[in-house]
Amino acid sequence: MLRIGIDIDNTITNTSNLANNLLKNDINFNGYFDYHNLSKSSYILFLNKYLDYIECNAGLNKDVCEVLEYLHNKGCYIVIITARGSMNFKNTEINTINYLAKNKVYYDKIIFKQESKLQACLDEQIDIFIDDKITVLDEMINKNIITIKFGDCVKKISHKIAKNWLEVKNIIDTIINNE
């Protein structure tokens, strides 16, 4: 059974799109267009104000539910491994679980508070990990974990690249067919 680990933000969901729209429309953060560029104190203020809303309302990336259901039907075990919860905002875990249920996102297990994600992947014996952050994937490259960089990528990297969930499906189908 292939074990697949998947990040949530900007992989399952399009979190940055919603967060940055909220940021641009809030006069308290005038001049900022990407919440990742806020100072630490402004970032905390932004999350205090909007995190619950973002966790409950970020859009799903196209085809994610269909592909996860397909992978489940192919016998894959799906583990969501997320950094959500690491900053100890009180509603993060319940917001996330409710969001995934409401949107019918299939998974077998979810692990919160994993900023690095490598140890969780090793503990869960993950074969393939999908994330939007190259730095997260780089940690896994020497541990025999196949990595898929989700989203656009302009530089040459040593990870497979999937711009969308149908490309993720095709990459995993190729891996399954070559086993």
# chains A, B, ... in the order shown; residues from 1 in each chain; ligands from 1
$ select_by_dssp --residues "chain A" --states "strand (DSSP E)" --output "MDAnalysis selection string"
chainID A and resid 3:6 77:81 109:111 128:131 146:150 160:162
$ residues_around --residues "Ile81 of chain A" --least-positions-apart "2" --cutoff "10 Å" --atoms "only C-alpha atoms" --output "list in words"
Ile4, Gly5, Ile6, Asp7, Ile8, Ile78, Val79, Ala83, Arg84, Lys109, Ile110, Ile111, Phe112, Lys113, Gln114, Glu115, Ser116, Lys117, Leu118, Ala120, Cys121, Glu124, Phe129, Ile130 and Asp131 of chain A
$ select_by_dssp --residues "segment 97-173 of chain A" --states "helix (DSSP H, G or I)" --output "PyMOL selection string"
chain A and resi 97-102+118-123+134-138+141-143+165-173
$ write_last_selection --atoms "C-alpha atoms" --output "short mmCIF file (atom, residue, chain, number, x, y, z; two decimals), in the first residue's frame"
data_model
loop_
_atom_site.label_atom_id
_atom_site.label_comp_id
_atom_site.auth_asym_id
_atom_site.auth_seq_id
_atom_site.Cartn_x
_atom_site.Cartn_y
_atom_site.Cartn_z
CA ILE A 97 -11.29 18.87 10.80
CA ASN A 98 -14.70 20.48 10.25
CA TYR A 99 -13.52 22.13 7.02
CA LEU A 100 -12.19 18.86 5.61
CA ALA A 101 -15.44 17.04 6.53
CA LYS A 102 -17.67 19.81 5.13
CA LEU A 118 10.13 15.03 8.07
CA GLN A 119 9.80 13.14 11.35
CA ALA A 120 6.07 12.64 10.83
CA CYS A 121 6.79 11.29 7.33
CA LEU A 122 9.37 8.88 8.73
CA ASP A 123 7.08 7.80 11.59
CA ILE A 134 10.56 23.47 -1.49
CA THR A 135 12.31 23.80 1.89
CA VAL A 136 9.97 21.19 3.40
CA LEU A 137 10.54 18.83 0.47
CA ASP A 138 14.32 19.34 0.53
CA ILE A 141 15.17 14.08 -0.44
CA ASN A 142 17.79 11.87 1.26
CA LYS A 143 15.24 9.73 3.11
CA TRP A 165 -4.12 17.90 -8.82
CA LEU A 166 -4.58 16.13 -12.17
CA GLU A 167 -0.81 16.29 -12.60
CA VAL A 168 -0.41 14.87 -9.06
CA LYS A 169 -2.70 11.99 -10.10
CA ASN A 170 -0.65 11.33 -13.24
CA ILE A 171 2.66 11.32 -11.30
CA ILE A 172 1.30 8.91 -8.69
CA ASP A 173 -0.29 6.67 -11.35
#
$ atom_distance --atom1 "atom CA of Asn48 of chain A" --atom2 "atom CA of Lys104 of chain A"
26.9 Å
$ decode --residues "segment 43-137 of chain A" --atoms "C-alpha atoms" --output "short mmCIF file (atom, residue, chain, number, x, y, z; two decimals), in the first residue's frame"
data_model
loop_
_atom_site.label_atom_id
_atom_site.label_comp_id
_atom_site.auth_asym_id
_atom_site.auth_seq_id
_atom_site.Cartn_x
_atom_site.Cartn_y
_atom_site.Cartn_z
CA TYR A 43 1.66 38.62 11.19
CA ILE A 44 0.35 37.67 14.66
CA LEU A 45 -2.17 40.55 14.55
CA PHE A 46 -3.31 39.43 11.10
CA LEU A 47 -3.73 35.81 12.24
CA ASN A 48 -5.56 36.85 15.41
CA LYS A 49 -8.02 38.76 13.27
CA TYR A 50 -8.45 36.37 10.32
CA LEU A 51 -7.14 32.86 11.04
CA ASP A 52 -10.49 31.30 11.97
CA TYR A 53 -12.07 32.76 8.84
CA ILE A 54 -9.21 31.58 6.61
CA GLU A 55 -9.19 28.05 8.05
CA CYS A 56 -12.94 27.73 7.51
CA ASN A 57 -13.20 29.41 4.10
CA ALA A 58 -10.05 28.97 2.00
CA GLY A 59 -10.90 27.58 -1.39
CA LEU A 60 -10.05 24.02 -2.33
CA ASN A 61 -7.61 23.57 -5.17
CA LYS A 62 -9.34 22.27 -8.29
CA ASP A 63 -9.81 18.48 -8.52
CA VAL A 64 -8.27 17.78 -5.08
CA CYS A 65 -11.30 15.88 -3.73
CA GLU A 66 -11.67 13.76 -6.84
CA VAL A 67 -7.96 12.88 -6.92
CA LEU A 68 -7.83 12.00 -3.21
CA GLU A 69 -10.91 9.78 -3.60
CA TYR A 70 -9.31 8.17 -6.65
CA LEU A 71 -6.07 7.50 -4.75
CA HIS A 72 -8.03 6.04 -1.85
CA ASN A 73 -9.87 3.73 -4.28
CA LYS A 74 -6.47 2.67 -5.68
CA GLY A 75 -5.52 1.50 -2.19
CA CYS A 76 -3.38 4.44 -1.11
CA TYR A 77 -3.24 5.47 2.55
CA ILE A 78 -3.51 9.26 2.85
CA VAL A 79 -1.99 11.18 5.76
CA ILE A 80 -2.41 14.94 6.00
CA ILE A 81 0.67 16.39 7.69
CA THR A 82 0.31 20.07 8.47
CA ALA A 83 2.02 22.84 10.41
CA ARG A 84 -1.43 24.07 11.42
CA GLY A 85 -1.66 24.24 15.19
CA SER A 86 2.04 25.02 15.77
CA MET A 87 1.24 28.57 16.82
CA ASN A 88 -1.37 27.30 19.30
CA PHE A 89 -4.39 29.24 18.08
CA LYS A 90 -7.23 27.58 19.95
CA ASN A 91 -9.62 26.65 17.11
CA THR A 92 -7.18 25.49 14.45
CA GLU A 93 -7.58 21.74 14.82
CA ILE A 94 -11.39 21.72 15.07
CA ASN A 95 -11.69 24.31 12.26
CA THR A 96 -9.51 22.14 10.04
CA ILE A 97 -11.29 18.87 10.80
CA ASN A 98 -14.70 20.48 10.25
CA TYR A 99 -13.52 22.13 7.02
CA LEU A 100 -12.19 18.86 5.61
CA ALA A 101 -15.44 17.04 6.53
CA LYS A 102 -17.67 19.81 5.13
CA ASN A 103 -15.73 19.79 1.85
CA LYS A 104 -15.56 15.98 1.67
CA VAL A 105 -11.75 15.88 1.56
CA TYR A 106 -10.76 12.22 1.98
CA TYR A 107 -7.91 11.29 4.31
CA ASP A 108 -7.06 8.39 6.61
CA LYS A 109 -5.15 10.35 9.27
CA ILE A 110 -4.23 13.92 10.09
CA ILE A 111 -1.19 15.11 12.05
CA PHE A 112 -1.04 18.72 13.28
CA LYS A 113 1.84 20.94 14.50
CA GLN A 114 4.46 19.63 12.05
CA GLU A 115 6.53 22.54 10.82
CA SER A 116 9.36 20.38 9.48
CA LYS A 117 7.16 17.36 8.58
CA LEU A 118 10.13 15.03 8.07
CA GLN A 119 9.80 13.14 11.35
CA ALA A 120 6.07 12.64 10.83
CA CYS A 121 6.79 11.29 7.33
CA LEU A 122 9.37 8.88 8.73
CA ASP A 123 7.08 7.80 11.59
CA GLU A 124 4.19 7.22 9.17
CA GLN A 125 6.44 5.49 6.60
CA ILE A 126 5.36 7.95 3.90
CA ASP A 127 6.35 6.94 0.35
CA ILE A 128 5.32 10.19 -1.39
CA PHE A 129 4.99 13.66 0.12
CA ILE A 130 3.19 16.57 -1.57
CA ASP A 131 3.82 20.16 -0.42
CA ASP A 132 4.05 23.64 -1.90
CA LYS A 133 7.24 24.52 0.00
CA ILE A 134 10.56 23.47 -1.49
CA THR A 135 12.31 23.80 1.89
CA VAL A 136 9.97 21.19 3.40
CA LEU A 137 10.54 18.83 0.47
#
